[in-house]
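Heads up, structure.cif below (mmCIF, C-alpha atoms):
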data_entry
#
loop_
_atom_site.label_atom_id
_atom_site.label_comp_id
_atom_site.auth_asym_id
_atom_site.auth_seq_id
_atom_site.Cartn_x
_atom_site.Cartn_y
_atom_site.Cartn_z
CA MET E 1 -7.41 19.53 8.60
CA LYS E 2 -6.97 16.26 6.73
CA TYR E 3 -10.74 16.02 6.25
CA VAL E 4 -10.85 19.48 4.68
CA ILE E 5 -8.01 18.56 2.31
CA ALA E 6 -9.72 15.25 1.47
CA LEU E 7 -12.94 17.11 0.66
CA VAL E 8 -10.99 19.47 -1.60
CA GLY E 9 -9.33 16.44 -3.18
CA LEU E 10 -12.69 14.81 -3.91
CA LEU E 11 -14.02 18.05 -5.40
CA VAL E 12 -10.93 18.32 -7.62
CA VAL E 13 -11.32 14.72 -8.84
CA PHE E 14 -15.01 15.16 -9.62
CA ALA E 15 -14.42 18.55 -11.27
CA LEU E 16 -11.71 17.12 -13.53
CA THR E 17 -13.97 14.17 -14.35
CA TYR E 18 -17.02 16.38 -14.98
CA VAL E 19 -15.05 18.59 -17.41
CA ALA E 20 -14.23 15.51 -19.52
CA SER E 21 -17.81 14.17 -19.49
CA SER E 22 -19.20 13.28 -22.92
CA ASP E 23 -22.82 14.02 -21.90
CA LYS E 24 -23.26 15.87 -18.61
CA ARG E 25 -27.07 15.72 -18.78
CA LYS E 26 -27.07 11.91 -18.57
CA ILE E 27 -25.03 11.68 -15.36
CA ARG E 28 -26.98 9.78 -12.70
CA TYR E 29 -25.95 11.04 -9.28
CA ARG E 30 -27.69 8.58 -6.97
CA PRO E 31 -25.51 5.52 -7.89
CA LEU E 32 -22.42 7.75 -7.68
CA ILE E 33 -23.25 8.85 -4.12
CA VAL E 34 -23.95 5.22 -3.09
CA MET E 35 -20.63 4.03 -4.49
CA VAL E 36 -18.59 6.83 -2.90
CA VAL E 37 -20.18 6.05 0.48
CA LEU E 38 -19.41 2.35 -0.07
CA GLN E 39 -15.80 3.21 -0.90
CA ALA E 40 -15.46 5.23 2.31
CA ALA E 41 -17.08 2.48 4.40
CA LEU E 42 -14.87 -0.24 2.91
CA ALA E 43 -11.71 1.87 3.33
CA CYS E 44 -12.63 2.47 6.98
CA VAL E 45 -13.19 -1.26 7.59
CA LEU E 46 -9.99 -2.36 5.84
CA LEU E 47 -7.69 0.30 7.30
CA ASN E 48 -9.16 1.09 10.72
CA THR E 49 -10.92 -1.94 12.20
CA ARG E 50 -9.98 -5.31 13.66
CA ILE E 51 -12.22 -7.02 11.13
CA GLY E 52 -10.31 -5.32 8.33
CA GLU E 53 -6.99 -6.23 9.93
CA PHE E 54 -8.13 -9.85 10.21
CA LEU E 55 -9.25 -9.95 6.57
CA VAL E 56 -6.07 -8.35 5.27
CA LYS E 57 -3.86 -10.62 7.37
CA GLY E 58 -5.79 -13.66 6.14
CA PHE E 59 -5.47 -12.53 2.52
CA ALA E 60 -1.75 -11.79 2.94
CA LYS E 61 -1.15 -15.07 4.78
CA GLY E 62 -2.84 -16.98 1.96
CA PHE E 63 -0.67 -15.28 -0.66
CA ASN E 64 2.48 -15.78 1.44
CA SER E 65 1.72 -19.50 1.59
CA LEU E 66 1.26 -19.60 -2.17
CA LEU E 67 4.53 -17.69 -2.67
CA ALA E 68 6.29 -20.19 -0.40
CA TYR E 69 5.04 -23.02 -2.61
CA ALA E 70 6.14 -21.07 -5.69
CA THR E 71 9.61 -20.72 -4.15
CA GLU E 72 9.95 -24.51 -4.09
CA GLY E 73 9.68 -24.63 -7.87
CA ILE E 74 11.89 -21.56 -8.35
CA ASN E 75 14.63 -22.91 -6.08
CA PHE E 76 14.63 -26.20 -7.96
CA VAL E 77 15.52 -24.36 -11.18
CA PHE E 78 17.42 -21.28 -9.95
CA GLY E 79 18.55 -22.28 -6.45
CA GLY E 80 22.26 -21.96 -7.19
CA ILE E 81 22.06 -18.44 -8.62
CA ALA E 82 21.04 -16.41 -5.57
CA ASN E 83 23.08 -15.88 -2.43
CA GLU E 84 21.70 -17.36 0.77
CA GLY E 85 18.90 -15.13 2.06
CA ALA E 86 18.79 -12.94 -1.05
CA ALA E 87 17.21 -13.37 -4.47
CA PRO E 88 17.28 -11.21 -7.60
CA PHE E 89 14.07 -9.26 -8.27
CA PHE E 90 13.16 -11.43 -11.27
CA ILE E 91 13.49 -14.66 -9.29
CA GLY E 92 12.03 -13.48 -5.99
CA VAL E 93 9.20 -11.24 -7.18
CA LEU E 94 8.29 -12.00 -10.80
CA LEU E 95 8.68 -15.76 -11.18
CA PRO E 96 6.01 -16.57 -8.55
CA ILE E 97 3.55 -15.15 -11.12
CA VAL E 98 3.97 -18.46 -12.99
CA PHE E 99 2.59 -20.47 -10.07
CA ILE E 100 -0.26 -18.03 -9.36
CA SER E 101 -1.22 -18.15 -13.05
CA ALA E 102 -1.34 -21.95 -12.88
CA LEU E 103 -3.69 -21.78 -9.87
CA ILE E 104 -5.98 -19.35 -11.71
CA GLY E 105 -6.06 -21.78 -14.63
CA ILE E 106 -7.09 -24.64 -12.33
CA LEU E 107 -9.86 -22.55 -10.73
CA GLN E 108 -11.05 -21.58 -14.21
CA TYR E 109 -11.01 -25.21 -15.35
CA VAL E 110 -13.13 -26.45 -12.42
CA LYS E 111 -15.60 -23.54 -13.00
CA VAL E 112 -15.03 -21.92 -9.60
CA LEU E 113 -13.80 -18.57 -10.91
CA PRO E 114 -16.48 -18.16 -13.62
CA PHE E 115 -19.16 -18.73 -10.97
CA ILE E 116 -17.60 -16.19 -8.55
CA ILE E 117 -17.01 -13.58 -11.25
CA LYS E 118 -20.49 -13.87 -12.72
CA TYR E 119 -22.45 -13.59 -9.49
CA ILE E 120 -20.31 -10.88 -7.88
CA GLY E 121 -20.79 -8.99 -11.15
CA LEU E 122 -24.57 -9.41 -10.94
CA VAL E 123 -24.61 -8.03 -7.38
CA LEU E 124 -22.43 -5.09 -8.45
CA SER E 125 -24.78 -4.28 -11.33
CA LYS E 126 -27.55 -3.66 -8.78
CA VAL E 127 -25.34 -1.16 -6.93
CA ASN E 128 -23.66 0.73 -9.76
CA GLY E 129 -26.67 1.18 -12.02
CA MET E 130 -24.72 -0.16 -14.99
CA GLY E 131 -25.13 -3.27 -17.12
CA LYS E 132 -24.41 -6.90 -16.32
CA LEU E 133 -21.64 -6.99 -18.92
CA GLU E 134 -19.85 -3.95 -17.43
CA SER E 135 -20.08 -5.37 -13.91
CA TYR E 136 -18.91 -8.83 -14.97
CA ASN E 137 -16.01 -7.26 -16.87
CA ALA E 138 -14.85 -5.23 -13.85
CA VAL E 139 -14.70 -8.29 -11.58
CA ALA E 140 -13.14 -10.46 -14.30
CA SER E 141 -10.48 -7.80 -14.99
CA ALA E 142 -9.47 -7.85 -11.32
CA ILE E 143 -8.89 -11.61 -11.52
CA LEU E 144 -7.93 -12.47 -15.10
CA GLY E 145 -6.09 -9.32 -16.19
CA GLN E 146 -6.56 -6.41 -18.59
CA SER E 147 -6.03 -8.32 -21.83
CA GLU E 148 -7.31 -11.81 -20.98
CA VAL E 149 -10.70 -10.51 -19.80
CA PHE E 150 -11.78 -9.50 -23.32
CA ILE E 151 -11.46 -13.08 -24.55
CA SER E 152 -14.24 -14.16 -22.18
CA VAL E 153 -16.69 -11.63 -23.70
CA LYS E 154 -15.46 -11.73 -27.30
CA LYS E 155 -18.92 -12.65 -28.64
CA GLN E 156 -20.17 -9.19 -27.64
CA ILE E 157 -17.10 -7.05 -28.44
CA GLY E 158 -18.12 -6.39 -32.05
CA LEU E 159 -21.68 -5.45 -31.06
CA LEU E 160 -20.86 -2.86 -28.43
CA PRO E 161 -21.30 0.88 -29.02
CA LYS E 162 -18.36 3.16 -28.27
CA HIS E 163 -19.61 4.27 -24.84
CA ARG E 164 -19.97 0.74 -23.49
CA LEU E 165 -16.61 -0.29 -24.93
CA TYR E 166 -15.01 2.65 -23.09
CA THR E 167 -16.40 1.44 -19.75
CA LEU E 168 -15.08 -2.09 -20.31
CA CYS E 169 -11.60 -0.78 -21.16
CA ALA E 170 -11.64 1.69 -18.25
CA SER E 171 -12.36 -1.15 -15.81
CA ALA E 172 -9.51 -3.19 -17.27
CA MET E 173 -7.05 -0.31 -16.84
CA SER E 174 -8.23 0.65 -13.33
CA THR E 175 -7.81 -2.81 -11.80
CA VAL E 176 -4.93 -5.29 -11.61
CA SER E 177 -4.86 -9.03 -12.26
CA MET E 178 -4.77 -11.44 -9.35
CA SER E 179 -1.72 -13.19 -10.84
CA ILE E 180 0.56 -10.25 -9.97
CA VAL E 181 -0.97 -9.24 -6.63
CA GLY E 182 1.57 -11.47 -4.87
CA ALA E 183 4.38 -9.53 -6.54
CA TYR E 184 2.88 -6.23 -5.32
CA MET E 185 2.62 -7.58 -1.78
CA GLN E 186 6.37 -8.20 -1.72
CA MET E 187 6.99 -4.50 -2.37
CA LEU E 188 4.04 -2.82 -0.60
CA ASN E 189 2.19 -3.34 2.67
CA PRO E 190 -0.57 -5.91 1.91
CA LYS E 191 -3.27 -3.77 3.55
CA TYR E 192 -2.69 -1.01 1.01
CA VAL E 193 -2.79 -3.49 -1.88
CA VAL E 194 -6.08 -5.02 -0.69
CA THR E 195 -7.60 -1.58 -0.05
CA ALA E 196 -6.65 -0.41 -3.54
CA LEU E 197 -8.11 -3.55 -5.15
CA VAL E 198 -11.48 -2.97 -3.48
CA LEU E 199 -11.63 0.81 -3.94
CA ASN E 200 -10.58 0.70 -7.60
CA LEU E 201 -13.38 -1.72 -8.39
CA PHE E 202 -15.96 0.91 -7.41
CA GLY E 203 -13.80 3.85 -8.49
CA GLY E 204 -13.75 2.60 -12.06
CA PHE E 205 -17.56 2.72 -12.18
CA ILE E 206 -17.70 6.13 -10.50
CA ILE E 207 -15.32 7.85 -12.92
CA ALA E 208 -16.68 6.06 -16.01
CA SER E 209 -20.25 7.00 -15.00
CA ILE E 210 -19.30 10.68 -15.11
CA ILE E 211 -16.91 10.73 -18.08
CA ASN E 212 -19.07 8.38 -20.10
CA PRO E 213 -22.67 8.37 -18.78
CA TYR E 214 -25.37 6.26 -20.42
CA LYS E 215 -28.36 4.13 -19.58
CA ILE E 216 -28.72 0.58 -20.85
CA GLU E 217 -32.13 -0.54 -22.03
CA LYS E 218 -33.38 -3.79 -20.53
CA GLU E 219 -33.27 -5.63 -23.86
CA ASP E 220 -29.59 -4.67 -24.31
CA ASP E 221 -28.53 -5.69 -20.80
CA LEU E 222 -27.17 -9.08 -21.82
CA LEU E 223 -24.13 -11.08 -20.74
CA GLU E 224 -22.70 -13.79 -22.98
CA VAL E 225 -19.57 -15.31 -21.51
CA GLN E 226 -17.44 -17.22 -23.99
CA GLU E 227 -16.79 -20.78 -22.87
CA GLU E 228 -13.11 -21.66 -23.13
CA GLU E 229 -12.20 -24.20 -25.79
CA LYS E 230 -12.40 -27.69 -24.33
CA GLN E 231 -8.96 -28.86 -23.31
CA SER E 232 -7.58 -31.67 -21.22
CA PHE E 233 -6.49 -30.69 -17.72
CA PHE E 234 -2.78 -30.84 -18.54
CA GLU E 235 -3.20 -28.92 -21.81
CA MET E 236 -4.89 -26.14 -19.86
CA LEU E 237 -2.28 -26.25 -17.08
CA GLY E 238 0.60 -26.02 -19.53
CA GLU E 239 -1.05 -23.08 -21.28
CA TYR E 240 -1.59 -21.10 -18.06
CA ILE E 241 1.94 -21.86 -16.83
CA MET E 242 3.37 -20.52 -20.10
CA ASP E 243 1.06 -17.49 -19.93
CA GLY E 244 2.34 -16.73 -16.43
CA PHE E 245 5.93 -17.05 -17.60
CA LYS E 246 5.24 -14.70 -20.52
CA VAL E 247 3.83 -12.12 -18.07
CA ALA E 248 6.93 -12.42 -15.85
CA ILE E 249 9.28 -12.06 -18.84
CA THR E 250 7.26 -9.12 -20.23
CA VAL E 251 7.34 -7.27 -16.90
CA ALA E 252 11.08 -7.96 -16.56
CA ALA E 253 11.77 -6.67 -20.09
CA MET E 254 9.71 -3.53 -19.46
CA LEU E 255 11.52 -2.91 -16.18
CA ILE E 256 14.92 -3.22 -17.85
CA GLY E 257 13.88 -0.83 -20.61
CA PHE E 258 12.03 1.73 -18.50
CA VAL E 259 14.53 1.86 -15.61
CA ALA E 260 17.41 2.30 -18.07
CA LEU E 261 15.57 4.97 -20.08
CA ILE E 262 14.53 6.90 -16.97
CA ALA E 263 18.13 6.78 -15.71
CA MET E 264 19.35 8.14 -19.06
CA VAL E 265 16.70 10.90 -19.19
CA ASN E 266 17.46 11.82 -15.57
CA GLY E 267 21.13 12.07 -16.45
CA ILE E 268 20.44 14.30 -19.47
CA PHE E 269 18.12 16.62 -17.51
CA SER E 270 20.58 16.83 -14.62
CA TRP E 271 23.37 17.77 -17.03
CA LEU E 272 21.30 20.35 -18.93
CA PHE E 273 19.11 21.84 -16.18
CA GLY E 274 20.63 20.75 -12.90
CA ILE E 275 17.49 18.79 -11.95
CA SER E 276 16.48 15.23 -12.83
CA PHE E 277 13.45 14.48 -15.01
CA GLN E 278 11.72 12.64 -12.15
CA ALA E 279 12.31 15.53 -9.75
CA LEU E 280 10.84 17.91 -12.34
CA LEU E 281 7.76 15.73 -12.73
CA GLY E 282 7.51 15.68 -8.94
CA TYR E 283 6.81 19.43 -8.96
CA VAL E 284 4.13 18.95 -11.66
CA PHE E 285 2.36 16.23 -9.66
CA ALA E 286 2.92 17.74 -6.21
CA PRO E 287 -0.46 19.60 -6.14
CA PHE E 288 -2.29 16.33 -6.89
CA ALA E 289 -0.31 14.56 -4.17
CA PHE E 290 -1.24 17.35 -1.74
CA VAL E 291 -5.01 17.16 -2.40
CA MET E 292 -4.79 13.38 -1.97
CA GLY E 293 -3.78 14.11 1.63
CA ILE E 294 0.03 14.03 1.45
CA PRO E 295 1.80 16.72 3.53
CA TRP E 296 3.22 19.51 1.34
CA ASN E 297 6.80 18.89 2.52
CA GLU E 298 6.55 15.35 1.05
CA ALA E 299 4.37 16.19 -1.96
CA VAL E 300 7.21 16.69 -4.47
CA GLN E 301 8.84 13.39 -3.53
CA ALA E 302 5.48 11.59 -3.70
CA GLY E 303 4.55 13.36 -6.95
CA SER E 304 7.75 12.09 -8.56
CA ILE E 305 6.77 8.48 -7.75
CA MET E 306 3.23 9.05 -9.05
CA ALA E 307 4.59 10.48 -12.31
CA THR E 308 6.99 7.56 -12.69
CA LYS E 309 4.03 5.17 -12.57
CA LEU E 310 2.20 7.13 -15.26
CA VAL E 311 5.09 7.37 -17.74
CA SER E 312 6.50 3.88 -17.12
CA ASN E 313 4.55 1.36 -15.02
CA GLU E 314 3.56 0.55 -11.46
CA PHE E 315 6.49 -1.83 -10.86
CA VAL E 316 9.09 0.86 -11.58
CA ALA E 317 7.23 3.28 -9.28
CA MET E 318 6.91 0.67 -6.51
CA LEU E 319 10.64 0.00 -6.68
CA ASP E 320 11.21 3.77 -6.37
CA LEU E 321 8.89 3.92 -3.35
CA THR E 322 10.79 1.12 -1.56
CA LYS E 323 14.03 3.11 -1.98
CA GLN E 324 12.61 6.34 -0.52
CA THR E 325 13.56 7.32 3.02
CA GLY E 326 12.01 9.96 5.20
CA LEU E 327 8.44 9.56 3.96
CA SER E 328 5.79 9.28 6.68
CA GLU E 329 3.69 6.13 6.99
CA ARG E 330 0.64 8.13 5.90
CA THR E 331 2.35 9.25 2.69
CA VAL E 332 3.60 5.74 1.95
CA GLY E 333 0.05 4.40 2.41
CA ILE E 334 -1.59 6.99 0.14
CA VAL E 335 1.04 6.58 -2.60
CA SER E 336 0.83 2.78 -2.33
CA VAL E 337 -2.93 2.84 -2.97
CA PHE E 338 -2.37 5.17 -5.94
CA LEU E 339 0.19 2.80 -7.49
CA VAL E 340 -1.99 -0.35 -7.51
CA SER E 341 -3.53 -0.11 -10.98
CA PHE E 342 -2.57 -0.47 -14.64
CA ALA E 343 -3.07 3.25 -15.37
CA ASN E 344 -0.03 4.07 -17.50
CA PHE E 345 0.77 4.84 -21.14
CA SER E 346 1.86 1.30 -22.01
CA SER E 347 -1.56 -0.05 -20.97
CA ILE E 348 -3.18 1.88 -23.83
CA GLY E 349 -1.25 -0.29 -26.30
CA ILE E 350 -1.90 -3.49 -24.34
CA ILE E 351 -5.67 -2.96 -24.14
CA SER E 352 -6.17 -1.71 -27.70
CA GLY E 353 -4.01 -4.58 -28.95
CA ALA E 354 -6.04 -7.13 -26.99
CA VAL E 355 -9.33 -5.80 -28.39
CA LYS E 356 -7.90 -5.50 -31.91
CA GLY E 357 -6.86 -9.15 -31.78
CA LEU E 358 -10.53 -10.04 -31.30
CA HIS E 359 -12.14 -7.35 -33.47
CA GLU E 360 -9.98 -5.05 -35.58
CA LYS E 361 -12.51 -2.24 -35.97
CA GLN E 362 -13.23 -2.06 -32.23
CA GLY E 363 -9.49 -2.15 -31.51
CA ASN E 364 -9.09 1.01 -33.61
CA VAL E 365 -11.95 2.63 -31.66
CA VAL E 366 -10.15 1.87 -28.37
CA ALA E 367 -6.88 3.31 -29.72
CA ARG E 368 -8.66 6.57 -30.61
CA PHE E 369 -9.95 7.14 -27.06
CA GLY E 370 -6.75 5.80 -25.46
CA LEU E 371 -5.70 9.09 -23.83
CA LYS E 372 -9.18 9.65 -22.42
CA LEU E 373 -9.00 6.11 -21.07
CA LEU E 374 -5.71 6.85 -19.30
CA TYR E 375 -7.09 10.15 -17.99
CA GLY E 376 -10.08 8.38 -16.42
CA ALA E 377 -8.03 5.50 -14.98
CA THR E 378 -5.57 7.95 -13.39
CA LEU E 379 -8.47 9.80 -11.76
CA VAL E 380 -9.67 6.44 -10.38
CA SER E 381 -6.27 6.03 -8.70
CA VAL E 382 -6.40 9.58 -7.33
CA LEU E 383 -9.94 9.01 -6.00
CA SER E 384 -9.00 5.72 -4.28
CA ALA E 385 -5.87 7.25 -2.73
CA THR E 386 -7.81 10.31 -1.51
CA ILE E 387 -10.47 8.17 0.18
CA ALA E 388 -7.82 5.89 1.71
CA GLY E 389 -6.07 9.01 3.05
CA LEU E 390 -9.13 9.78 5.17
CA PHE E 391 -8.42 6.72 7.30
CA LEU E 392 -4.62 6.82 7.51
#
Using structure tokens, write down the structure that the file contains.
Amino acid sequence: MKYVIALVGLLVVFALTYVASSDKRKIRYRPLIVMVVLQAALACVLLNTRIGEFLVKGFAKGFNSLLAYATEGINFVFGGIANEGAAPFFIGVLLPIVFISALIGILQYVKVLPFIIKYIGLVLSKVNGMGKLESYNAVASAILGQSEVFISVKKQIGLLPKHRLYTLCASAMSTVSMSIVGAYMQMLNPKYVVTALVLNLFGGFIIASIINPYKIEKEDDLLEVQEEEKQSFFEMLGEYIMDGFKVAITVAAMLIGFVALIAMVNGIFSWLFGISFQALLGYVFAPFAFVMGIPWNEAVQAGSIMATKLVSNEFVAMLDLTKQTGLSERTVGIVSVFLVSFANFSSIGIISGAVKGLHEKQGNVVARFGLKLLYGATLVSVLSATIAGLFL
């Protein structure tokens, strides 16, 4: 039965994507079929095989080691604040982002990351039928983050037509930066985080190829990566450490604001209508949860968490998921995969602001297709969760 529901779920995703397509005649189906098959194969390996278990455990073990090192620095500064064996969310989950950001800076400085990003991107471009720039951007977004990635291709931002700019922004919204993956792994099972990272990489191309199909001429298929301004090692390190701290503070501020606002709105709705705002949204999103493979008796609860991610951010939704009781392991897995992306309303402002900082006119273009961007990125999350559900 779950295979029938998954098939229906895939048809729903592709139908909703097809309806929003800007040029249905230009859709190329062969790369789409290849990427969907790849998604299914990778999900099977990661969720259902010993090789996948080994890879996920290795990835999680590596991040746990890094988080343990991060804790040394955090305890030095904040050790007296937390009770023994317990740490506030900001200290235990968000502050390790500072250390991970510093490591990313070091790997950038010694040219390891640029090499990895560039050549993985080139391999991807052979699979997805899209340009080198789009493929590079997708991989870079998954490592550097949704705003930082545009700096590395700023030479080309002003030259890009609207359709190519959409694909770049869609990739940035569909993935998550490596600096906060450790924070996700403290709230979700690492195997679901890793699965979502891999599936979203291909899912972004699949959905963008339908919503925004185009073919790049050979002479336009160029990649010019901006070299970072030459800095001394410690200048660079200080900059990345401060960037990581800014991310942690920004996420903390957004959590304070969104959690408080949602609590207030829930209170108002409960007083006026006898049902909380989140519970109401749960009924709206329940059909989508069901076609993703979630049992109907859990669909409203799961739909509420999905809606929370869309209207606030993934951290608020993940916190909600950790508080839920009575959900089956299958439902938790499917919802977890859905939550690992930047597809929410606040990301529209972040991405358009990042592009506008580099090229004002192109930033305005991004702002105009912001809702379509969110629509596509949300469908990427639904697609990844549906495929993951086949193997849970």
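Nearest-residue note for Lys323 (chain E): choosing from E:Val181, E:Met254, E:Phe369, E:Met187, the minimum distance belongs to E:Met187, counting only C-alpha atoms.
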- prompt: Of the residues E:Gln362, E:Ser381, E:Ser209, E:Gln301, which is the one nearest to Asn344 (chain E), using only C-alpha atoms?
  reply: E:Ser381
- line: The residue from E:Tyr109, E:Phe269, E:Phe150, E:Trp296 with the smallest atom-to-atom distance to Phe233 (chain E), counting only C-alpha atoms, is E:Tyr109
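Run against this file, the PyMOL selection byres ((chain E and resi 322) around 12) gives back Tyr184, Met185, Gln186, Met187, Leu188, Asn189, Ala302, Ile305, Phe315, Val316, Ala317, Met318, Leu319, Asp320, Leu321, Lys323, Gln324, Thr325, Gly326, Leu327, Val332, Gly333, Val335 and Ser336 of chain E.
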- prompt: Between E:Gly58, E:Pro96, E:Gly370, E:Gly293, which one has atoms that come closest to Asn75 (chain E), using only C-alpha atoms?
  reply: E:Pro96
task: Report as number ranges by chain the full result of the PyMOL selection byres ((chain E and resi 334) around 10) when it is applied to this structure.
output: E: 192, 196, 289, 292-294, 302, 329-333, 335-339, 382, 384-392
- request: Go through E:Phe273, E:Phe234, E:Phe288, E:Tyr18 one by one, measure the shortest atom-to-atom distance of each to Gly105 (chain E) using all atoms listed in the file, and give the residue with the smallest value.
  value: E:Phe234
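Atom to atom, CA of Ser304 (chain E) and CA of Leu281 (chain E) stand 5.5 Å apart.
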query: Expressed in Å to a single decimal, how great is the separation between CA of Phe59 (chain E) and CA of Ala253 (chain E)?
result: 29.0 Å
